[in-house]
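Student: So here's data_11.pdb, just PDB, C-alpha atoms:
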```
ATOM      1  CA  ASP A 969      46.181  14.264 -15.793
ATOM      2  CA  GLU A 970      47.011  13.308 -19.394
ATOM      3  CA  ALA A 971      47.526  16.941 -20.412
ATOM      4  CA  ILE A 972      49.743  17.604 -17.399
ATOM      5  CA  LEU A 973      51.744  14.457 -18.119
ATOM      6  CA  ALA A 974      52.251  15.567 -21.730
ATOM      7  CA  LEU A 975      53.505  18.952 -20.528
ATOM      8  CA  VAL A 976      55.973  17.418 -18.068
ATOM      9  CA  ARG A 977      57.244  14.862 -20.605
ATOM     10  CA  LYS A 978      58.452  17.709 -22.827
ATOM     11  CA  TYR A 979      61.202  18.198 -20.232
ATOM     12  CA  ASP A 980      61.414  14.761 -18.614
ATOM     13  CA  VAL A 981      60.656  11.747 -20.820
ATOM     14  CA  GLU A 982      60.724   9.523 -17.732
ATOM     15  CA  ALA A 983      57.745  11.283 -16.147
ATOM     16  CA  VAL A 984      55.034   8.845 -15.058
ATOM     17  CA  GLN A 985      51.376   8.913 -14.088
ATOM     18  CA  CYS A 986      49.757   7.648 -10.864
ATOM     19  CA  LYS A 987      52.987   6.981  -8.961
ATOM     20  CA  ARG A 988      52.486   5.035  -5.704
ATOM     21  CA  ASP A 989      56.048   4.089  -4.734
ATOM     22  CA  PHE A 990      56.918   7.048  -2.517
ATOM     23  CA  LEU A 991      54.076   7.674  -0.098
ATOM     24  CA  GLY A 992      53.839   4.324   1.637
ATOM     25  CA  GLY A 993      52.072   2.686  -1.287
ATOM     26  CA  LYS A 994      48.726   4.083  -0.108
ATOM     27  CA  LEU A 995      48.679   7.517  -1.728
ATOM     28  CA  GLU A 996      49.457   8.186  -5.362
ATOM     29  CA  ILE A 997      50.935  11.192  -7.111
ATOM     30  CA  ASP A 998      49.028  11.994 -10.295
ATOM     31  CA  VAL A 999      52.114  12.994 -12.308
ATOM     32  CA  TYR A1000      55.715  12.535 -11.148
ATOM     33  CA  SER A1001      58.978  13.698 -12.699
ATOM     34  CA  PRO A1002      62.021  11.775 -11.395
ATOM     35  CA  LYS A1003      64.393  14.232 -13.105
ATOM     36  CA  PHE A1004      63.055  17.193 -11.146
ATOM     37  CA  LYS A1005      61.693  15.230  -8.152
ATOM     38  CA  LEU A1006      58.450  17.063  -8.841
ATOM     39  CA  GLY A1007      54.951  15.764  -8.162
ATOM     40  CA  ILE A1008      51.806  17.373  -9.567
ATOM     41  CA  GLU A1009      48.272  16.749  -8.361
ATOM     42  CA  HIS A1010      45.117  17.485 -10.363
ATOM     43  CA  ASN A1011      42.452  17.382  -7.660
ATOM     44  CA  GLY A1012      38.940  16.729  -8.939
ATOM     45  CA  LEU A1013      36.464  18.811  -6.965
ATOM     46  CA  PHE A1014      34.145  15.955  -6.002
ATOM     47  CA  TRP A1015      36.774  13.301  -5.293
ATOM     48  CA  HIS A1016      38.780  15.758  -3.198
ATOM     49  CA  SER A1017      35.831  17.028  -1.157
ATOM     50  CA  GLU A1018      34.639  15.688   2.198
ATOM     51  CA  GLU A1019      31.854  13.902   0.317
ATOM     52  CA  GLY A1020      34.523  12.255  -1.839
ATOM     53  CA  GLY A1021      36.342  10.983   1.244
ATOM     54  CA  LYS A1022      39.020  13.660   1.747
ATOM     55  CA  ASP A1023      38.978  15.108   5.264
ATOM     56  CA  SER A1024      40.561  18.322   6.549
ATOM     57  CA  GLY A1025      44.033  16.788   6.895
ATOM     58  CA  TYR A1026      44.238  14.831   3.637
ATOM     59  CA  HIS A1027      45.977  17.335   1.358
ATOM     60  CA  LEU A1028      48.329  18.620   4.054
ATOM     61  CA  ASN A1029      49.289  15.062   5.019
ATOM     62  CA  LYS A1030      50.104  14.286   1.388
ATOM     63  CA  LEU A1031      52.242  17.413   1.204
ATOM     64  CA  ASP A1032      54.114  16.461   4.379
ATOM     65  CA  LEU A1033      54.740  12.902   3.165
ATOM     66  CA  SER A1034      56.043  14.218  -0.147
ATOM     67  CA  GLN A1035      58.415  16.630   1.540
ATOM     68  CA  LYS A1036      59.804  13.840   3.719
ATOM     69  CA  ALA A1037      60.424  11.834   0.525
ATOM     70  CA  GLY A1038      62.285  14.789  -1.015
ATOM     71  CA  ILE A1039      59.521  15.518  -3.536
ATOM     72  CA  ARG A1040      58.266  19.000  -4.357
ATOM     73  CA  LEU A1041      54.488  18.550  -4.601
ATOM     74  CA  LEU A1042      52.218  20.985  -6.436
ATOM     75  CA  GLN A1043      48.466  20.618  -5.864
ATOM     76  CA  PHE A1044      45.904  22.235  -8.161
ATOM     77  CA  PHE A1045      42.123  21.961  -8.047
ATOM     78  CA  GLU A1046      40.040  20.998 -11.056
ATOM     79  CA  ASP A1047      38.572  24.488 -11.459
ATOM     80  CA  GLU A1048      42.023  26.061 -11.539
ATOM     81  CA  TRP A1049      43.065  23.816 -14.419
ATOM     82  CA  ALA A1050      39.750  24.385 -16.213
ATOM     83  CA  ASN A1051      39.605  28.169 -15.769
ATOM     84  CA  LYS A1052      43.250  29.234 -15.408
ATOM     85  CA  ARG A1053      45.096  26.567 -17.379
ATOM     86  CA  THR A1054      47.638  28.965 -18.892
ATOM     87  CA  ILE A1055      48.657  30.164 -15.437
ATOM     88  CA  VAL A1056      48.883  26.625 -14.048
ATOM     89  CA  GLU A1057      51.049  25.556 -16.997
ATOM     90  CA  ALA A1058      53.332  28.543 -16.418
ATOM     91  CA  MET A1059      53.682  27.630 -12.729
ATOM     92  CA  ILE A1060      54.513  24.021 -13.549
ATOM     93  CA  SER A1061      56.962  25.090 -16.268
ATOM     94  CA  LYS A1062      58.891  27.163 -13.721
ATOM     95  CA  PHE A1063      59.609  24.029 -11.680
ATOM     96  CA  LEU A1064      60.628  22.167 -14.834
ATOM     97  CA  GLY A1065      63.407  24.645 -15.437
ATOM     98  CA  VAL A1066      61.809  26.227 -18.496
ATOM     99  CA  PRO A1067      63.802  29.418 -19.254
ATOM    100  CA  SER A1068      62.095  32.763 -18.689
ATOM    101  CA  THR A1069      62.939  36.289 -19.787
ATOM    102  CA  ARG A1070      64.967  37.845 -16.974
ATOM    103  CA  LEU A1071      64.562  41.520 -16.207
ATOM    104  CA  GLY A1072      66.380  43.570 -13.585
ATOM    105  CA  ALA A1073      64.163  45.468 -11.159
ATOM    106  CA  ARG A1074      66.586  48.399 -11.327
ATOM    107  CA  LYS A1075      65.775  48.772 -15.010
ATOM    108  CA  CYS A1076      62.067  49.073 -14.179
ATOM    109  CA  SER A1077      60.116  52.050 -12.895
ATOM    110  CA  VAL A1078      57.823  51.796  -9.863
ATOM    111  CA  ARG A1079      54.401  53.347 -10.232
ATOM    112  CA  GLU A1080      51.010  53.102  -8.597
ATOM    113  CA  VAL A1081      48.716  50.905 -10.697
ATOM    114  CA  GLN A1082      45.167  52.002 -11.435
ATOM    115  CA  VAL A1083      42.267  49.682 -10.636
ATOM    116  CA  ALA A1084      41.339  48.701 -14.205
ATOM    117  CA  GLU A1085      44.937  47.832 -15.095
ATOM    118  CA  ARG A1086      45.374  45.885 -11.843
ATOM    119  CA  ARG A1087      42.251  43.828 -12.505
ATOM    120  CA  ALA A1088      43.273  42.998 -16.063
ATOM    121  CA  PHE A1089      46.814  42.055 -15.043
ATOM    122  CA  LEU A1090      45.788  39.844 -12.111
ATOM    123  CA  ASP A1091      43.071  38.109 -14.126
ATOM    124  CA  ARG A1092      45.746  37.160 -16.674
ATOM    125  CA  HIS A1093      48.607  36.309 -14.343
ATOM    126  CA  HIS A1094      47.372  35.320 -10.860
ATOM    127  CA  LEU A1095      45.778  31.957 -10.153
ATOM    128  CA  GLN A1096      43.136  33.522  -7.903
ATOM    129  CA  GLY A1097      42.516  36.505 -10.143
ATOM    130  CA  ASP A1098      41.885  39.996  -8.860
ATOM    131  CA  ALA A1099      41.453  41.021  -5.218
ATOM    132  CA  SER A1100      40.421  44.234  -3.523
ATOM    133  CA  SER A1101      43.253  46.492  -2.454
ATOM    134  CA  ALA A1102      43.811  49.922  -0.987
ATOM    135  CA  VAL A1103      46.847  50.504  -3.188
ATOM    136  CA  THR A1104      48.732  48.588  -5.882
ATOM    137  CA  PHE A1105      52.334  49.154  -6.913
ATOM    138  CA  GLY A1106      53.698  47.971 -10.238
ATOM    139  CA  LEU A1107      57.011  47.560 -11.990
ATOM    140  CA  TYR A1108      57.026  48.844 -15.562
ATOM    141  CA  TYR A1109      59.673  47.788 -18.064
ATOM    142  CA  GLU A1110      59.740  50.008 -21.138
ATOM    143  CA  PHE A1111      56.234  51.256 -20.234
ATOM    144  CA  GLN A1112      54.856  47.675 -19.934
ATOM    145  CA  LEU A1113      53.527  46.404 -16.586
ATOM    146  CA  VAL A1114      55.455  43.248 -15.668
ATOM    147  CA  GLN A1115      54.857  42.799 -11.934
ATOM    148  CA  VAL A1116      52.333  43.985  -9.336
ATOM    149  CA  LEU A1117      51.985  43.977  -5.568
ATOM    150  CA  ALA A1118      48.589  44.891  -4.095
ATOM    151  CA  VAL A1119      48.077  45.870  -0.438
ATOM    152  CA  ARG A1120      44.878  45.969   1.584
ATOM    153  CA  LYS A1121      43.889  46.798   5.146
ATOM    154  CA  ALA A1122      43.084  43.504   6.847
ATOM    155  CA  SER A1123      41.805  44.366  10.323
ATOM    156  CA  TYR A1124      42.592  46.196  13.522
ATOM    157  CA  THR A1125      44.444  44.706  16.480
ATOM    158  CA  GLY A1126      44.597  47.053  19.415
ATOM    159  CA  GLY A1127      45.096  50.506  17.956
ATOM    160  CA  ALA A1128      47.300  49.751  14.965
ATOM    161  CA  PRO A1129      45.809  48.901  11.561
ATOM    162  CA  VAL A1130      47.004  45.666   9.975
ATOM    163  CA  PHE A1131      48.030  45.614   6.327
ATOM    164  CA  GLU A1132      48.657  42.614   4.116
ATOM    165  CA  ILE A1133      49.678  41.819   0.564
ATOM    166  CA  SER A1134      46.488  40.723  -1.158
ATOM    167  CA  ARG A1135      48.144  39.812  -4.465
ATOM    168  CA  PHE A1136      51.643  39.518  -5.897
ATOM    169  CA  ALA A1137      52.050  38.462  -9.516
ATOM    170  CA  THR A1138      54.521  38.533 -12.374
ATOM    171  CA  GLU A1139      53.804  38.455 -16.082
ATOM    172  CA  ALA A1140      53.942  34.843 -17.303
ATOM    173  CA  GLY A1141      57.249  33.913 -18.878
ATOM    174  CA  LYS A1142      59.199  36.644 -17.086
ATOM    175  CA  THR A1143      61.396  36.804 -14.000
ATOM    176  CA  VAL A1144      62.025  40.187 -12.417
ATOM    177  CA  VAL A1145      65.245  39.919 -10.412
ATOM    178  CA  GLY A1146      64.829  41.928  -7.219
ATOM    179  CA  GLY A1147      61.261  42.848  -8.142
ATOM    180  CA  LEU A1148      59.591  41.715  -4.947
ATOM    181  CA  SER A1149      62.128  43.613  -2.810
ATOM    182  CA  ARG A1150      61.605  46.801  -4.765
ATOM    183  CA  LEU A1151      57.812  46.599  -4.665
ATOM    184  CA  THR A1152      57.907  45.703  -0.967
ATOM    185  CA  ALA A1153      59.961  48.843  -0.276
ATOM    186  CA  ALA A1154      57.272  50.950  -1.927
ATOM    187  CA  ALA A1155      54.523  49.144  -0.017
ATOM    188  CA  ARG A1156      56.333  49.509   3.310
ATOM    189  CA  GLY A1157      56.548  53.255   2.824
ATOM    190  CA  TRP A1158      52.829  53.440   2.109
ATOM    191  CA  VAL A1159      51.929  51.269   5.132
ATOM    192  CA  ARG A1160      54.129  53.402   7.359
ATOM    193  CA  ASP A1161      52.299  56.521   6.196
ATOM    194  CA  GLN A1162      48.980  54.829   7.099
ATOM    195  CA  GLY A1163      50.146  54.174  10.675
ATOM    196  CA  GLY A1164      50.891  50.462  10.292
ATOM    197  CA  ASP A1165      53.786  48.662  11.962
ATOM    198  CA  PHE A1166      54.107  45.571   9.762
ATOM    199  CA  LEU A1167      53.257  44.320   6.306
ATOM    200  CA  TYR A1168      51.942  40.739   6.322
ATOM    201  CA  THR A1169      51.686  38.198   3.544
ATOM    202  CA  TYR A1170      50.767  34.566   2.961
ATOM    203  CA  ALA A1171      51.966  31.764   0.693
ATOM    204  CA  ASP A1172      49.588  28.986  -0.359
ATOM    205  CA  ARG A1173      51.221  25.712   0.661
ATOM    206  CA  ARG A1174      49.591  23.831  -2.220
ATOM    207  CA  TYR A1175      52.175  25.288  -4.584
ATOM    208  CA  SER A1176      54.466  27.688  -2.698
ATOM    209  CA  THR A1177      57.071  27.564   0.047
ATOM    210  CA  GLY A1178      57.321  31.342   0.349
ATOM    211  CA  ASP A1179      61.066  31.382  -0.428
ATOM    212  CA  SER A1180      60.757  34.629  -2.367
ATOM    213  CA  TYR A1181      59.391  36.396   0.714
ATOM    214  CA  LEU A1182      62.301  35.185   2.831
ATOM    215  CA  LYS A1183      64.762  36.478   0.229
ATOM    216  CA  ALA A1184      62.971  39.834   0.296
ATOM    217  CA  GLY A1185      63.498  40.143   4.065
ATOM    218  CA  PHE A1186      60.191  38.873   5.462
ATOM    219  CA  GLU A1187      60.292  36.840   8.671
ATOM    220  CA  PRO A1188      58.367  33.554   8.881
ATOM    221  CA  LEU A1189      55.501  33.347  11.381
ATOM    222  CA  GLY A1190      54.656  29.692  10.837
ATOM    223  CA  PRO A1191      51.801  27.922   9.074
ATOM    224  CA  THR A1192      48.073  28.231   9.474
ATOM    225  CA  GLY A1193      45.839  25.173   9.597
ATOM    226  CA  PRO A1194      44.101  23.958   6.433
ATOM    227  CA  GLY A1195      41.472  26.286   5.037
ATOM    228  CA  TYR A1196      38.307  25.257   3.292
ATOM    229  CA  TRP A1197      36.169  26.079   0.282
ATOM    230  CA  TYR A1198      32.729  25.141  -1.000
ATOM    231  CA  TRP A1199      31.754  23.913  -4.419
ATOM    232  CA  LEU A1200      28.292  23.589  -5.963
ATOM    233  CA  PRO A1201      28.332  20.770  -8.574
ATOM    234  CA  SER A1202      25.750  22.464 -10.783
ATOM    235  CA  THR A1203      27.780  25.658 -11.284
ATOM    236  CA  ARG A1204      29.544  26.372 -14.572
ATOM    237  CA  PRO A1205      32.266  27.290 -14.970
ATOM    238  CA  LEU A1206      33.595  25.200 -12.094
ATOM    239  CA  THR A1207      34.055  27.526  -9.149
ATOM    240  CA  ARG A1208      35.104  27.171  -5.531
ATOM    241  CA  ILE A1209      33.882  29.840  -3.108
ATOM    242  CA  HIS A1210      35.250  30.822   0.265
ATOM    243  CA  ARG A1211      33.454  30.431   3.574
ATOM    244  CA  TYR A1212      30.380  32.327   4.691
ATOM    245  CA  ARG A1213      29.304  32.783   8.287
ATOM    246  CA  LEU A1214      25.616  32.793   9.171
ATOM    247  CA  GLY A1215      23.549  32.102  12.261
ATOM    248  CA  MET A1216      23.276  28.335  11.732
ATOM    249  CA  THR A1217      26.182  25.926  11.409
ATOM    250  CA  GLU A1218      27.997  26.959   8.279
ATOM    251  CA  SER A1219      28.757  23.470   6.994
ATOM    252  CA  ASP A1220      25.198  22.258   7.536
ATOM    253  CA  TRP A1221      23.767  25.323   5.829
ATOM    254  CA  ARG A1222      25.987  24.897   2.785
ATOM    255  CA  ARG A1223      25.290  21.161   2.557
ATOM    256  CA  SER A1224      21.566  21.863   2.649
ATOM    257  CA  GLN A1225      22.089  23.916  -0.506
ATOM    258  CA  GLY A1226      23.973  21.101  -2.227
ATOM    259  CA  TYR A1227      27.494  22.456  -1.738
ATOM    260  CA  LYS A1228      30.506  20.166  -1.217
ATOM    261  CA  LYS A1229      33.312  21.111   1.178
ATOM    262  CA  LEU A1230      36.996  20.953   0.180
ATOM    263  CA  TRP A1231      40.136  21.503   2.246
ATOM    264  CA  ASP A1232      43.523  22.875   1.223
ATOM    265  CA  CYS A1233      46.992  22.712   2.825
ATOM    266  CA  GLY A1234      46.853  25.984   4.716
ATOM    267  CA  GLN A1235      49.067  29.037   4.345
ATOM    268  CA  LEU A1236      52.552  30.050   5.380
ATOM    269  CA  ARG A1237      52.546  33.447   7.149
ATOM    270  CA  PHE A1238      55.222  36.142   6.893
ATOM    271  CA  ARG A1239      55.675  39.738   7.954
ATOM    272  CA  ILE A1240      58.153  42.570   7.570
ATOM    273  CA  ALA A1241      58.500  45.681   9.724
ATOM    274  CA  VAL A1242      57.841  48.955   7.976
TER     275      VAL A1242
END
```
Can the structure in the file be given as structure tokens, please?
Tutor:
Amino acid sequence: DEAILALVRKYDVEAVQCKRDFLGGKLEIDVYSPKFKLGIEHNGLFWHSEEGGKDSGYHLNKLDLSQKAGIRLLQFFEDEWANKRTIVEAMISKFLGVPSTRLGARKCSVREVQVAERRAFLDRHHLQGDASSAVTFGLYYEFQLVQVLAVRKASYTGGAPVFEISRFATEAGKTVVGGLSRLTAAARGWVRDQGGDFLYTYADRRYSTGDSYLKAGFEPLGPTGPGYWYWLPSTRPLTRIHRYRLGMTESDWRRSQGYKKLWDCGQLRFRIAV
């Protein structure tokens, strides 16, 4: 919290820590900037797990209360700050109005990105790192990769395959004007060739409202419920893992291994016809 507060105070000297005035006096915001009406949460893995007293609706409820109070709330888990601090700082800086280098998508070339380059780029510039994909398109400015959009086949519904954006990321410190629209056009053409009808995507409600997808022509499909993760206290570096399904009750099986269960705020769903 102290490091986040120091970052925010570079741009708002009135920023405060542990603010309780807005959310009914019962819930606090770790760091709050009155200038930007921005709240930032640093969620410790134990204290924000079920074992720490935070149930499936806790983080979403806090987000909803903040929105009603006119506060943009960003929520990051402890492992994200520990393992991807540079990316988290870049995300926070964006909401503090820190200037970025603006590039026009029309001045970039669109090319398919090879696996090794995709992995390296996403590890540096996406909070969740790399993800499997069937194809990845990139924008190159003066031969340098500045933005990527990765697509994977999700599942089958009826006879049509379903495709989704598995990762979208921009080089830290840069804004590519029109980049998402241009990459989406390339992805739509590829999905169409594979027999798909729509391209789907998701925005993590802990730190995104999905506005960029709306501007790129995606239609909103509404939110999902909160998702969950597991965390084993003995692991280093700190790491959350996604769910696993086995024959016995999943939660009981994971708890028997010493894992703690954490909930997020869910996702916002979008799609665009191809």
Student: My list of candidates is A:Arg1120, A:Lys1229, A:Lys1005, A:Arg1173. Which is closest to Pro1194 in chain A when distances are computed with only C-alpha atoms?
Tutor: A:Arg1173
Student: Give me the residues within 10 Å of range 1078-1091 of chain A as an mmCIF file with C-alpha atoms, keeping the file's coordinate frame, counting all atoms listed in the file and dropping any in the same chain fewer than 6 places off.
Tutor:
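Writing the result to result38.cif gives the following:
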```
data_model
loop_
_atom_site.group_PDB
_atom_site.id
_atom_site.type_symbol
_atom_site.label_atom_id
_atom_site.label_comp_id
_atom_site.auth_asym_id
_atom_site.auth_seq_id
_atom_site.Cartn_x
_atom_site.Cartn_y
_atom_site.Cartn_z
ATOM 1 C CA LYS A 1052 43.250 29.234 -15.408
ATOM 2 C CA ILE A 1055 48.657 30.164 -15.437
ATOM 3 C CA GLY A 1097 42.516 36.505 -10.143
ATOM 4 C CA ASP A 1098 41.885 39.996 -8.860
ATOM 5 C CA ALA A 1099 41.453 41.021 -5.218
ATOM 6 C CA SER A 1100 40.421 44.234 -3.523
ATOM 7 C CA SER A 1101 43.253 46.492 -2.454
ATOM 8 C CA ALA A 1102 43.811 49.922 -0.987
ATOM 9 C CA VAL A 1103 46.847 50.504 -3.188
ATOM 10 C CA THR A 1104 48.732 48.588 -5.882
ATOM 11 C CA PHE A 1105 52.334 49.154 -6.913
ATOM 12 C CA GLY A 1106 53.698 47.971 -10.238
ATOM 13 C CA LEU A 1107 57.011 47.560 -11.990
ATOM 14 C CA TYR A 1108 57.026 48.844 -15.562
ATOM 15 C CA TYR A 1109 59.673 47.788 -18.064
ATOM 16 C CA LEU A 1113 53.527 46.404 -16.586
ATOM 17 C CA VAL A 1114 55.455 43.248 -15.668
ATOM 18 C CA GLN A 1115 54.857 42.799 -11.934
ATOM 19 C CA VAL A 1116 52.333 43.985 -9.336
ATOM 20 C CA LEU A 1117 51.985 43.977 -5.568
ATOM 21 C CA ALA A 1118 48.589 44.891 -4.095
ATOM 22 C CA ARG A 1135 48.144 39.812 -4.465
ATOM 23 C CA PHE A 1136 51.643 39.518 -5.897
ATOM 24 C CA ALA A 1137 52.050 38.462 -9.516
ATOM 25 C CA THR A 1138 54.521 38.533 -12.374
ATOM 26 C CA GLU A 1139 53.804 38.455 -16.082
ATOM 27 C CA GLY A 1147 61.261 42.848 -8.142
ATOM 28 C CA ARG A 1150 61.605 46.801 -4.765
ATOM 29 C CA LEU A 1151 57.812 46.599 -4.665
ATOM 30 C CA ALA A 1154 57.272 50.950 -1.927
#
```
Student: List as a PyMOL selection string the protein and nucleic acid residues near Lys1142 in chain A, meaning an atom at most 7 Å away when all atoms listed in the file are counted, but skip any in the same chain fewer than 4 places from it.
Tutor: chain A and resi 1068-1070+1138
Student: Find the distance between CA of Thr1143 in chain A and CA of Arg1237 in chain A and write it in Å to one decimal.
Tutor: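 Distance reported for this atom pair: 23.2 Å.
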Student: Calculate how many Å separate CA of Leu1041 in chain A from CA of Tyr1181 in chain A, rounding to one decimal.
Tutor: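 Computing the Euclidean distance for CA of Leu1041 in chain A and CA of Tyr1181 in chain A yields 19.3 Å.
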Student: Using only C-alpha atoms, I'd like a table of the residues in range 1064-1182 of chain A that come within 12 Å of range 1031-1038 of chain A; for each, show the closest atom pair and its distance in Å rounded to one decimal, ordered by chain and ascending number, as a tab-separated table.
Tutor:
```
residue	atom	partner	partner_atom	distance
A:Asp1172	CA	A:Leu1031	CA	12.0
A:Arg1173	CA	A:Leu1031	CA	8.4
A:Arg1174	CA	A:Leu1031	CA	7.7
A:Tyr1175	CA	A:Leu1031	CA	9.8
A:Ser1176	CA	A:Leu1031	CA	11.2
A:Thr1177	CA	A:Gln1035	CA	11.1
```
Student: Include C-alpha atoms and write out the residues we just selected as a PDB file, in the frame of the given file.
Tutor:
```
ATOM      1  CA  ASP A1172      49.588  28.986  -0.359  1.00  0.00           C
ATOM      2  CA  ARG A1173      51.221  25.712   0.661  1.00  0.00           C
ATOM      3  CA  ARG A1174      49.591  23.831  -2.220  1.00  0.00           C
ATOM      4  CA  TYR A1175      52.175  25.288  -4.584  1.00  0.00           C
ATOM      5  CA  SER A1176      54.466  27.688  -2.698  1.00  0.00           C
ATOM      6  CA  THR A1177      57.071  27.564   0.047  1.00  0.00           C
TER       7      THR A1177
END
```
Student: For Trp1015 in chain A, which residue among A:Gln1235, A:Phe1045, A:Val984, A:Ile1039 is the nearest when counting only C-alpha atoms?
Tutor: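 The answer is A:Phe1045, which sits nearest to Trp1015 in chain A.
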Student: Given the PyMOL selection byres ((chain A and resi 1058-1062) around 12) and the file above, list the residues it selects as a PyMOL selection string.
Tutor: chain A and resi 972-980+999-1001+1004+1006-1010+1040-1044+1048-1049+1052-1057+1063-1069+1092-1095+1137-1143+1174-1176
Student: Return the single residue from A:Ala971, A:Ile1240, A:Asn1029, A:Phe1186 that is closest to Leu995 in chain A, with distances computed using all atoms listed in the file.
Tutor: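 Smallest distance to Leu995 in chain A is found for A:Asn1029.
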Student: Please measure the separation of CA of Trp1199 in chain A and CA of Gly1226 in chain A, giving the value in Å to one decimal.
Tutor: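 It comes out at 8.6 Å.
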Student: For Gly1190 in chain A, which of A:Val981, A:Ala1171, A:Leu1230, A:Val1145 is the closest residue, counting all atoms listed in the file?
Tutor: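 Once distances to Gly1190 in chain A are computed over all atoms listed in the file, the minimum belongs to A:Ala1171.
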Student: Determine the residue set returned by the PyMOL selection byres ((chain A and resi 1159) around 12) for the present structure, and present it as JSON, numbers by chain.
Tutor: {"A": [1102, 1103, 1104, 1118, 1119, 1120, 1121, 1122, 1128, 1129, 1130, 1131, 1132, 1133, 1152, 1153, 1154, 1155, 1156, 1157, 1158, 1160, 1161, 1162, 1163, 1164, 1165, 1166, 1167, 1168, 1240, 1241, 1242]}
Student: Translate the PyMOL selection byres ((chain A and resi 986) around 7) into a concrete residue list for this structure, as a VMD selection string.
Tutor: chain A and resid 984 to 985 987 to 988 996 to 999
Student: Do a neighbour search on Gly1021 in chain A at 12 Å with only C-alpha atoms, toss out local chain neighbours closer than 3 positions, and write the hits as a VMD selection string.
Tutor: chain A and resid 1012 to 1018 1024 to 1027 1228 to 1231
Student: From the list A:Tyr1227, A:Phe1238, A:Phe1111, A:Tyr1170, which residue is nearest Pro1201 in chain A when using only C-alpha atoms?
Tutor: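 Checking each of A:Tyr1227, A:Phe1238, A:Phe1111, A:Tyr1170 against Pro1201 in chain A, counting only C-alpha atoms, the winner is A:Tyr1227.
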Student: I need the residue nearest Pro1191 in chain A from this list: A:Gly1072, A:Gly1234, A:Gly1146, A:Pro1002. Use all atoms listed in the file for the distance.
Tutor: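 The closest residue to Pro1191 in chain A is A:Gly1234.
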